[in-house]
file entry.tsv (TSV, N, CA and C atoms)
chain	number	residue	atom	x	y	z
L	963	MET	N	76.25	-183.18	27.99
L	963	MET	CA	76.99	-182.04	28.50
L	963	MET	C	76.85	-182.02	30.02
L	964	SER	N	77.96	-181.90	30.73
L	964	SER	CA	77.91	-181.93	32.19
L	964	SER	C	77.38	-180.60	32.73
L	965	ILE	N	76.97	-180.63	33.95
L	965	ILE	CA	76.41	-179.43	34.57
L	965	ILE	C	77.49	-178.35	34.71
L	966	PHE	N	78.73	-178.75	34.94
L	966	PHE	CA	79.81	-177.77	35.09
L	966	PHE	C	80.13	-177.08	33.76
L	967	SER	N	80.10	-177.83	32.67
L	967	SER	CA	80.36	-177.20	31.38
L	967	SER	C	79.20	-176.27	30.99
L	968	GLU	N	77.96	-176.66	31.32
L	968	GLU	CA	76.83	-175.78	31.06
L	968	GLU	C	76.94	-174.50	31.89
L	969	PHE	N	77.35	-174.66	33.15
L	969	PHE	CA	77.52	-173.50	34.02
L	969	PHE	C	78.62	-172.58	33.49
L	970	ARG	N	79.73	-173.17	33.04
L	970	ARG	CA	80.83	-172.38	32.48
L	970	ARG	C	80.37	-171.63	31.23
L	971	GLU	N	79.58	-172.28	30.39
L	971	GLU	CA	79.05	-171.64	29.18
L	971	GLU	C	78.09	-170.50	29.55
L	972	PHE	N	77.27	-170.73	30.59
L	972	PHE	CA	76.34	-169.71	31.05
L	972	PHE	C	77.09	-168.48	31.57
L	973	ILE	N	78.11	-168.70	32.36
L	973	ILE	CA	78.89	-167.60	32.93
L	973	ILE	C	79.67	-166.87	31.85
L	974	ALA	N	80.14	-167.57	30.84
L	974	ALA	CA	80.98	-166.97	29.80
L	974	ALA	C	80.19	-166.08	28.85
L	975	ARG	N	78.86	-166.19	28.86
L	975	ARG	CA	78.06	-165.33	27.99
L	975	ARG	C	78.23	-163.88	28.40
L	976	GLY	N	78.24	-162.99	27.44
L	976	GLY	CA	78.47	-161.57	27.70
L	976	GLY	C	77.41	-160.94	28.58
L	977	ASN	N	76.16	-161.36	28.43
L	977	ASN	CA	75.09	-160.74	29.20
L	977	ASN	C	75.26	-160.95	30.69
L	978	VAL	N	75.68	-162.13	31.09
L	978	VAL	CA	75.84	-162.43	32.50
L	978	VAL	C	76.97	-161.61	33.09
L	979	ILE	N	78.06	-161.50	32.36
L	979	ILE	CA	79.19	-160.72	32.85
L	979	ILE	C	78.82	-159.24	32.92
L	980	ASP	N	78.11	-158.73	31.92
L	980	ASP	CA	77.65	-157.34	31.95
L	980	ASP	C	76.73	-157.10	33.14
L	981	LEU	N	75.85	-158.05	33.40
L	981	LEU	CA	74.94	-157.93	34.54
L	981	LEU	C	75.72	-157.91	35.85
L	982	ALA	N	76.71	-158.79	35.98
L	982	ALA	CA	77.50	-158.84	37.20
L	982	ALA	C	78.24	-157.52	37.42
L	983	VAL	N	78.82	-156.98	36.36
L	983	VAL	CA	79.51	-155.69	36.47
L	983	VAL	C	78.53	-154.61	36.88
L	984	GLY	N	77.34	-154.61	36.29
L	984	GLY	CA	76.33	-153.62	36.64
L	984	GLY	C	75.90	-153.71	38.10
L	985	VAL	N	75.74	-154.92	38.60
L	985	VAL	CA	75.35	-155.11	40.00
L	985	VAL	C	76.45	-154.61	40.94
L	986	ILE	N	77.70	-154.91	40.62
L	986	ILE	CA	78.81	-154.48	41.47
L	986	ILE	C	78.92	-152.96	41.46
L	987	ILE	N	78.83	-152.35	40.29
L	987	ILE	CA	78.90	-150.89	40.20
L	987	ILE	C	77.69	-150.26	40.91
L	988	GLY	N	76.53	-150.87	40.77
L	988	GLY	CA	75.33	-150.37	41.44
L	988	GLY	C	75.46	-150.41	42.95
L	989	ALA	N	76.03	-151.49	43.48
L	989	ALA	CA	76.23	-151.58	44.93
L	989	ALA	C	77.20	-150.52	45.41
L	990	SER	N	78.27	-150.29	44.67
L	990	SER	CA	79.22	-149.25	45.05
L	990	SER	C	78.58	-147.87	44.94
L	991	PHE	N	77.79	-147.66	43.89
L	991	PHE	CA	77.11	-146.38	43.72
L	991	PHE	C	76.14	-146.14	44.86
L	992	ASN	N	75.48	-147.20	45.33
L	992	ASN	CA	74.56	-147.08	46.45
L	992	ASN	C	75.29	-146.60	47.70
L	993	LYS	N	76.48	-147.11	47.94
L	993	LYS	CA	77.26	-146.67	49.11
L	993	LYS	C	77.64	-145.19	48.98
L	994	ILE	N	77.98	-144.78	47.76
L	994	ILE	CA	78.34	-143.38	47.53
L	994	ILE	C	77.13	-142.48	47.80
L	995	VAL	N	75.98	-142.88	47.28
L	995	VAL	CA	74.77	-142.07	47.48
L	995	VAL	C	74.38	-142.04	48.95
L	996	GLU	N	74.48	-143.17	49.64
L	996	GLU	CA	74.15	-143.22	51.06
L	996	GLU	C	75.06	-142.27	51.84
L	997	SER	N	76.34	-142.28	51.53
L	997	SER	CA	77.28	-141.38	52.18
L	997	SER	C	76.95	-139.93	51.85
L	998	LEU	N	76.63	-139.66	50.59
L	998	LEU	CA	76.28	-138.31	50.18
L	998	LEU	C	75.07	-137.80	50.97
L	999	VAL	N	74.06	-138.62	51.10
L	999	VAL	CA	72.84	-138.19	51.80
L	999	VAL	C	73.10	-138.02	53.29
L	1000	THR	N	73.67	-139.03	53.93
L	1000	THR	CA	73.81	-138.98	55.39
L	1000	THR	C	74.91	-138.03	55.86
L	1001	GLN	N	75.95	-137.83	55.07
L	1001	GLN	CA	77.08	-137.03	55.54
L	1001	GLN	C	77.17	-135.64	54.90
L	1002	MET	N	76.47	-135.41	53.79
L	1002	MET	CA	76.60	-134.11	53.12
L	1002	MET	C	75.27	-133.39	52.93
L	1003	VAL	N	74.20	-134.11	52.63
L	1003	VAL	CA	72.93	-133.45	52.36
L	1003	VAL	C	72.15	-133.21	53.65
L	1004	MET	N	72.04	-134.23	54.49
L	1004	MET	CA	71.20	-134.12	55.68
L	1004	MET	C	71.78	-133.20	56.77
L	1005	PRO	N	73.10	-133.12	57.00
L	1005	PRO	CA	73.58	-132.19	58.04
L	1005	PRO	C	73.20	-130.72	57.79
L	1006	PRO	N	73.34	-130.17	56.57
L	1006	PRO	CA	72.88	-128.80	56.39
L	1006	PRO	C	71.36	-128.65	56.57
L	1007	ILE	N	70.60	-129.66	56.14
L	1007	ILE	CA	69.15	-129.62	56.34
L	1007	ILE	C	68.85	-129.64	57.83
L	1008	GLY	N	69.58	-130.47	58.57
L	1008	GLY	CA	69.41	-130.51	60.02
L	1008	GLY	C	69.77	-129.18	60.67
L	1009	LEU	N	70.81	-128.54	60.17
L	1009	LEU	CA	71.22	-127.23	60.69
L	1009	LEU	C	70.13	-126.20	60.43
L	1010	LEU	N	69.55	-126.23	59.23
L	1010	LEU	CA	68.48	-125.28	58.91
L	1010	LEU	C	67.22	-125.52	59.75
L	1011	THR	N	67.02	-126.76	60.19
L	1011	THR	CA	65.83	-127.08	60.99
L	1011	THR	C	66.13	-127.07	62.49
L	1012	GLY	N	67.22	-126.40	62.88
L	1012	GLY	CA	67.53	-126.26	64.30
L	1012	GLY	C	68.27	-127.43	64.91
L	1013	GLY	N	69.13	-128.06	64.15
L	1013	GLY	CA	69.94	-129.17	64.68
L	1013	GLY	C	69.21	-130.50	64.71
L	1014	LEU	N	68.17	-130.63	63.94
L	1014	LEU	CA	67.37	-131.85	63.91
L	1014	LEU	C	68.10	-132.93	63.13
L	1015	ASP	N	68.25	-134.13	63.73
L	1015	ASP	CA	68.86	-135.27	63.06
L	1015	ASP	C	67.74	-136.14	62.50
L	1016	PHE	N	67.56	-136.10	61.18
L	1016	PHE	CA	66.45	-136.80	60.55
L	1016	PHE	C	66.51	-138.30	60.78
L	1017	SER	N	67.71	-138.87	60.85
L	1017	SER	CA	67.81	-140.33	60.99
L	1017	SER	C	67.27	-140.82	62.33
L	1018	LYS	N	67.15	-139.93	63.31
L	1018	LYS	CA	66.65	-140.34	64.62
L	1018	LYS	C	65.18	-139.97	64.85
L	1019	LEU	N	64.53	-139.40	63.86
L	1019	LEU	CA	63.12	-139.07	64.00
L	1019	LEU	C	62.29	-140.36	64.03
L	1020	GLN	N	61.42	-140.44	65.00
L	1020	GLN	CA	60.59	-141.63	65.12
L	1020	GLN	C	59.32	-141.32	65.90
L	1021	PHE	N	58.31	-142.10	65.66
L	1021	PHE	CA	57.06	-142.01	66.40
L	1021	PHE	C	57.00	-143.27	67.27
L	1022	VAL	N	57.12	-143.06	68.58
L	1022	VAL	CA	57.20	-144.19	69.52
L	1022	VAL	C	55.81	-144.73	69.80
L	1023	LEU	N	55.64	-146.03	69.52
L	1023	LEU	CA	54.38	-146.72	69.81
L	1023	LEU	C	54.41	-147.34	71.20
L	1024	LYS	N	55.57	-147.89	71.56
L	1024	LYS	CA	55.73	-148.49	72.89
L	1024	LYS	C	57.12	-148.12	73.38
L	1025	PRO	N	57.22	-147.36	74.45
L	1025	PRO	CA	58.54	-146.94	74.93
L	1025	PRO	C	59.32	-148.11	75.54
L	1026	ASP	N	60.61	-147.91	75.61
L	1026	ASP	CA	61.51	-148.89	76.18
L	1026	ASP	C	61.35	-148.87	77.70
L	1027	ASP	N	61.31	-150.04	78.31
L	1027	ASP	CA	61.19	-150.13	79.77
L	1027	ASP	C	62.59	-150.18	80.36
L	1028	PRO	N	62.99	-149.17	81.13
L	1028	PRO	CA	64.35	-149.17	81.68
L	1028	PRO	C	64.59	-150.27	82.71
L	1029	ALA	N	63.52	-150.90	83.24
L	1029	ALA	CA	63.68	-151.94	84.25
L	1029	ALA	C	64.12	-153.27	83.65
L	1030	THR	N	63.95	-153.46	82.34
L	1030	THR	CA	64.32	-154.73	81.71
L	1030	THR	C	65.58	-154.53	80.87
L	1031	ALA	N	66.32	-155.61	80.71
L	1031	ALA	CA	67.56	-155.55	79.93
L	1031	ALA	C	67.29	-155.56	78.42
L	1032	ALA	N	66.22	-156.22	78.02
L	1032	ALA	CA	65.91	-156.33	76.59
L	1032	ALA	C	65.26	-155.04	76.11
L	1033	SER	N	65.52	-154.72	74.87
L	1033	SER	CA	64.92	-153.53	74.27
L	1033	SER	C	63.50	-153.85	73.86
L	1034	GLU	N	62.57	-153.07	74.36
L	1034	GLU	CA	61.16	-153.27	74.05
L	1034	GLU	C	60.59	-152.12	73.23
L	1035	LEU	N	61.45	-151.24	72.75
L	1035	LEU	CA	61.01	-150.09	72.00
L	1035	LEU	C	60.35	-150.51	70.69
L	1036	VAL	N	59.17	-149.99	70.46
L	1036	VAL	CA	58.48	-150.19	69.19
L	1036	VAL	C	58.21	-148.78	68.64
L	1037	ALA	N	58.80	-148.49	67.45
L	1037	ALA	CA	58.67	-147.14	66.91
L	1037	ALA	C	58.61	-147.17	65.40
L	1038	ILE	N	57.92	-146.19	64.87
L	1038	ILE	CA	57.91	-145.98	63.42
L	1038	ILE	C	59.01	-144.97	63.14
L	1039	GLN	N	60.04	-145.41	62.44
L	1039	GLN	CA	61.21	-144.57	62.21
L	1039	GLN	C	61.08	-143.84	60.87
L	1040	TYR	N	60.30	-142.77	60.90
L	1040	TYR	CA	60.05	-142.04	59.66
L	1040	TYR	C	61.25	-141.20	59.23
L	1041	GLY	N	62.16	-140.89	60.14
L	1041	GLY	CA	63.37	-140.15	59.78
L	1041	GLY	C	64.28	-140.98	58.88
L	1042	ALA	N	64.45	-142.25	59.21
L	1042	ALA	CA	65.24	-143.15	58.36
L	1042	ALA	C	64.58	-143.30	57.00
L	1043	PHE	N	63.24	-143.32	56.99
L	1043	PHE	CA	62.51	-143.40	55.73
L	1043	PHE	C	62.76	-142.16	54.88
L	1044	ILE	N	62.80	-140.97	55.51
L	1044	ILE	CA	63.09	-139.73	54.77
L	1044	ILE	C	64.47	-139.81	54.14
L	1045	ASN	N	65.47	-140.29	54.90
L	1045	ASN	CA	66.83	-140.46	54.35
L	1045	ASN	C	66.81	-141.41	53.15
L	1046	THR	N	66.12	-142.53	53.28
L	1046	THR	CA	66.05	-143.50	52.19
L	1046	THR	C	65.34	-142.92	50.98
L	1047	LEU	N	64.31	-142.13	51.21
L	1047	LEU	CA	63.59	-141.49	50.12
L	1047	LEU	C	64.49	-140.52	49.36
L	1048	ILE	N	65.30	-139.76	50.09
L	1048	ILE	CA	66.24	-138.84	49.44
L	1048	ILE	C	67.27	-139.62	48.64
L	1049	GLN	N	67.76	-140.73	49.19
L	1049	GLN	CA	68.70	-141.58	48.45
L	1049	GLN	C	68.07	-142.08	47.16
L	1050	PHE	N	66.83	-142.53	47.24
L	1050	PHE	CA	66.13	-143.01	46.05
L	1050	PHE	C	66.02	-141.92	45.00
L	1051	LEU	N	65.66	-140.71	45.42
L	1051	LEU	CA	65.51	-139.62	44.46
L	1051	LEU	C	66.83	-139.29	43.77
L	1052	ILE	N	67.93	-139.34	44.52
L	1052	ILE	CA	69.24	-139.08	43.92
L	1052	ILE	C	69.57	-140.17	42.90
L	1053	VAL	N	69.37	-141.43	43.26
L	1053	VAL	CA	69.66	-142.54	42.34
L	1053	VAL	C	68.76	-142.44	41.11
L	1054	ALA	N	67.48	-142.16	41.31
L	1054	ALA	CA	66.56	-142.04	40.18
L	1054	ALA	C	66.98	-140.90	39.26
L	1055	TRP	N	67.44	-139.78	39.82
L	1055	TRP	CA	67.88	-138.65	39.01
L	1055	TRP	C	69.10	-139.02	38.17
L	1056	VAL	N	70.06	-139.70	38.80
L	1056	VAL	CA	71.27	-140.09	38.08
L	1056	VAL	C	70.93	-141.08	36.97
L	1057	ILE	N	70.06	-142.04	37.24
L	1057	ILE	CA	69.67	-143.01	36.22
L	1057	ILE	C	68.92	-142.30	35.09
L	1058	PHE	N	68.06	-141.34	35.43
L	1058	PHE	CA	67.36	-140.57	34.41
L	1058	PHE	C	68.36	-139.86	33.50
L	1059	LEU	N	69.37	-139.21	34.10
L	1059	LEU	CA	70.37	-138.50	33.30
L	1059	LEU	C	71.17	-139.46	32.44
L	1060	LEU	N	71.49	-140.64	32.98
L	1060	LEU	CA	72.23	-141.64	32.21
L	1060	LEU	C	71.41	-142.12	31.01
L	1061	VAL	N	70.16	-142.46	31.24
L	1061	VAL	CA	69.29	-142.94	30.15
L	1061	VAL	C	69.07	-141.83	29.13
L	1062	LYS	N	68.90	-140.60	29.59
L	1062	LYS	CA	68.73	-139.46	28.68
L	1062	LYS	C	69.96	-139.29	27.80
L	1063	GLY	N	71.16	-139.43	28.39
L	1063	GLY	CA	72.39	-139.33	27.61
L	1063	GLY	C	72.51	-140.43	26.57
L	1064	VAL	N	72.19	-141.65	26.97
L	1064	VAL	CA	72.27	-142.78	26.03
L	1064	VAL	C	71.26	-142.60	24.90
L	1065	ASN	N	70.04	-142.15	25.23
L	1065	ASN	CA	69.03	-141.93	24.19
L	1065	ASN	C	69.46	-140.83	23.23
L	1066	THR	N	70.10	-139.78	23.74
L	1066	THR	CA	70.60	-138.72	22.87
L	1066	THR	C	71.67	-139.25	21.92
L	1067	LEU	N	72.58	-140.07	22.45
L	1067	LEU	CA	73.61	-140.66	21.59
L	1067	LEU	C	72.99	-141.54	20.51
L	1068	ARG	N	72.01	-142.33	20.89
L	1068	ARG	CA	71.35	-143.22	19.91
L	1068	ARG	C	70.61	-142.41	18.85
L	1069	ARG	N	69.95	-141.32	19.27
L	1069	ARG	CA	69.24	-140.47	18.31
L	1069	ARG	C	70.22	-139.85	17.33
L	1070	ASN	N	71.37	-139.38	17.83
L	1070	ASN	CA	72.37	-138.78	16.95
L	1070	ASN	C	72.94	-139.80	15.97
L	1071	GLN	N	73.14	-141.03	16.43
L	1071	GLN	CA	73.64	-142.08	15.54
L	1071	GLN	C	72.59	-142.45	14.50
L	1072	ALA	N	71.33	-142.45	14.88
L	1072	ALA	CA	70.27	-142.81	13.94
L	1072	ALA	C	70.10	-141.72	12.88
L	1073	GLU	N	70.33	-140.46	13.25
L	1073	GLU	CA	70.17	-139.37	12.30
L	1073	GLU	C	71.33	-139.29	11.30
L	1074	ALA	N	72.49	-139.75	11.69
L	1074	ALA	CA	73.66	-139.69	10.80
L	1074	ALA	C	73.44	-140.67	9.65
L	1075	PRO	N	73.59	-140.19	8.42
L	1075	PRO	CA	73.39	-141.10	7.29
L	1075	PRO	C	74.51	-142.15	7.24
L	1076	ALA	N	74.10	-143.35	6.99
L	1076	ALA	CA	75.07	-144.44	6.90
L	1076	ALA	C	75.80	-144.37	5.57
L	1077	ALA	N	77.07	-144.70	5.58
L	1077	ALA	CA	77.85	-144.71	4.34
L	1077	ALA	C	77.35	-145.83	3.45
L	1078	PRO	N	77.26	-145.57	2.15
L	1078	PRO	CA	76.76	-146.63	1.26
L	1078	PRO	C	77.75	-147.79	1.18
L	1079	THR	N	77.19	-148.97	1.05
L	1079	THR	CA	78.02	-150.16	0.93
L	1079	THR	C	78.62	-150.20	-0.48
L	1080	PRO	N	79.66	-151.00	-0.70
L	1080	PRO	CA	80.23	-151.10	-2.06
L	1080	PRO	C	79.19	-151.50	-3.10
L	1081	SER	N	78.25	-152.37	-2.73
L	1081	SER	CA	77.20	-152.78	-3.67
L	1081	SER	C	76.32	-151.59	-4.04
L	1082	GLU	N	75.97	-150.79	-3.05
L	1082	GLU	CA	75.13	-149.62	-3.31
L	1082	GLU	C	75.87	-148.61	-4.19
L	1083	GLU	N	77.15	-148.42	-3.94
L	1083	GLU	CA	77.94	-147.51	-4.77
L	1083	GLU	C	77.97	-147.99	-6.23
L	1084	LEU	N	78.18	-149.29	-6.41
L	1084	LEU	CA	78.21	-149.86	-7.76
L	1084	LEU	C	76.87	-149.68	-8.46
L	1085	LEU	N	75.78	-149.96	-7.75
L	1085	LEU	CA	74.45	-149.78	-8.33
L	1085	LEU	C	74.18	-148.32	-8.67
L	1086	THR	N	74.65	-147.40	-7.83
L	1086	THR	CA	74.49	-145.97	-8.12
L	1086	THR	C	75.25	-145.59	-9.38
L	1087	GLU	N	76.45	-146.10	-9.53
L	1087	GLU	CA	77.23	-145.81	-10.75
L	1087	GLU	C	76.53	-146.37	-11.98
L	1088	ILE	N	76.00	-147.58	-11.88
L	1088	ILE	CA	75.29	-148.19	-13.02
L	1088	ILE	C	74.06	-147.35	-13.36
L	1089	ARG	N	73.32	-146.93	-12.34
L	1089	ARG	CA	72.13	-146.09	-12.57
L	1089	ARG	C	72.51	-144.78	-13.26
L	1090	ASP	N	73.57	-144.15	-12.77
L	1090	ASP	CA	74.02	-142.88	-13.37
L	1090	ASP	C	74.47	-143.07	-14.83
L	1091	LEU	N	75.14	-144.20	-15.12
L	1091	LEU	CA	75.56	-144.47	-16.48
L	1091	LEU	C	74.34	-144.70	-17.39
L	1092	LEU	N	73.35	-145.41	-16.89
L	1092	LEU	CA	72.14	-145.65	-17.67
L	1092	LEU	C	71.37	-144.36	-17.91
L	1093	LYS	N	71.36	-143.46	-16.95
L	1093	LYS	CA	70.67	-142.17	-17.11
L	1093	LYS	C	71.38	-141.30	-18.15
L	1094	SER	N	72.70	-141.39	-18.20
L	1094	SER	CA	73.47	-140.51	-19.11
L	1094	SER	C	73.39	-140.96	-20.56
L	1095	LYS	N	73.04	-142.21	-20.85
L	1095	LYS	CA	72.92	-142.70	-22.23
L	1095	LYS	C	71.60	-142.22	-22.81
L	1096	PRO	N	71.65	-141.79	-24.10
L	1096	PRO	CA	70.40	-141.31	-24.73
L	1096	PRO	C	69.42	-142.40	-25.07

call {"tool": "encode", "arguments": {"input": "entry.tsv", "output": "structure tokens"}}
result
Amino acid sequence: MSIFSEFREFIARGNVIDLAVGVIIGASFNKIVESLVTQMVMPPIGLLTGGLDFSKLQFVLKPDDPATAASELVAIQYGAFINTLIQFLIVAWVIFLLVKGVNTLRRNQAEAPAAPTPSEELLTEIRDLLKSKP
């Protein structure tokens, strides 16, 4: 079997395609969450904190020297970390709700009694006939 036919077989498997779709949707969802945090959640928080822009919060370890053209700023950007942390919490919450919904559906399906198969129905009829005979 050639490497191309093996690769084609690998790609054609359902799991790989499902994974690819999940990665693409996840990347798009990440952009939505990033936009939600930076453009909708953080501005009101900044307004409540006196116009503070969290994305620009930083602890400067070495300031930039205005005499040189190259940027020499060394800083711990904890504001960007706060934004990323909020994004993570939103994604984690959505995933939690998704998994909770799927688990509820699975529980409901497991509780529903399965319809008897034709063989089981036939065996039930035979059992009932045997019980009714003296």

call {"tool": "select_by_dssp", "arguments": {"input": "entry.tsv", "residues": "chain L", "states": "strand (DSSP E)", "output": "PyMOL selection string"}}
result
chain L and resi 1021-1024+1036-1038

call {"tool": "closest_residue", "arguments": {"input": "entry.tsv", "among": "L:Gly1008, L:Val1061, L:Ser1017, L:Ala1031", "to": "Ile1044 of chain L", "atoms": "all atoms listed in the file"}}
result
L:Ser1017

call {"tool": "atom_distance", "arguments": {"input": "entry.tsv", "atom1": "atom CA of Gly984 of chain L", "atom2": "atom CA of Arg1069 of chain L"}}
result
23.6 Å

call {"tool": "atom_distance", "arguments": {"input": "entry.tsv", "atom1": "atom C of Ala1054 of chain L", "atom2": "atom C of Asn977 of chain L"}}
result
23.3 Å

call {"tool": "residues_near_point", "arguments": {"input": "entry.tsv", "point": "(69.8, -139.9, 54.8)", "cutoff": "5 Å", "atoms": "only N, CA and C atoms", "output": "number ranges by chain"}}
result
L: 999-1000, 1045-1046

call {"tool": "atom_distance", "arguments": {"input": "entry.tsv", "atom1": "atom N of Glu1083 of chain L", "atom2": "atom CA of Leu1067 of chain L"}}
result
26.9 Å
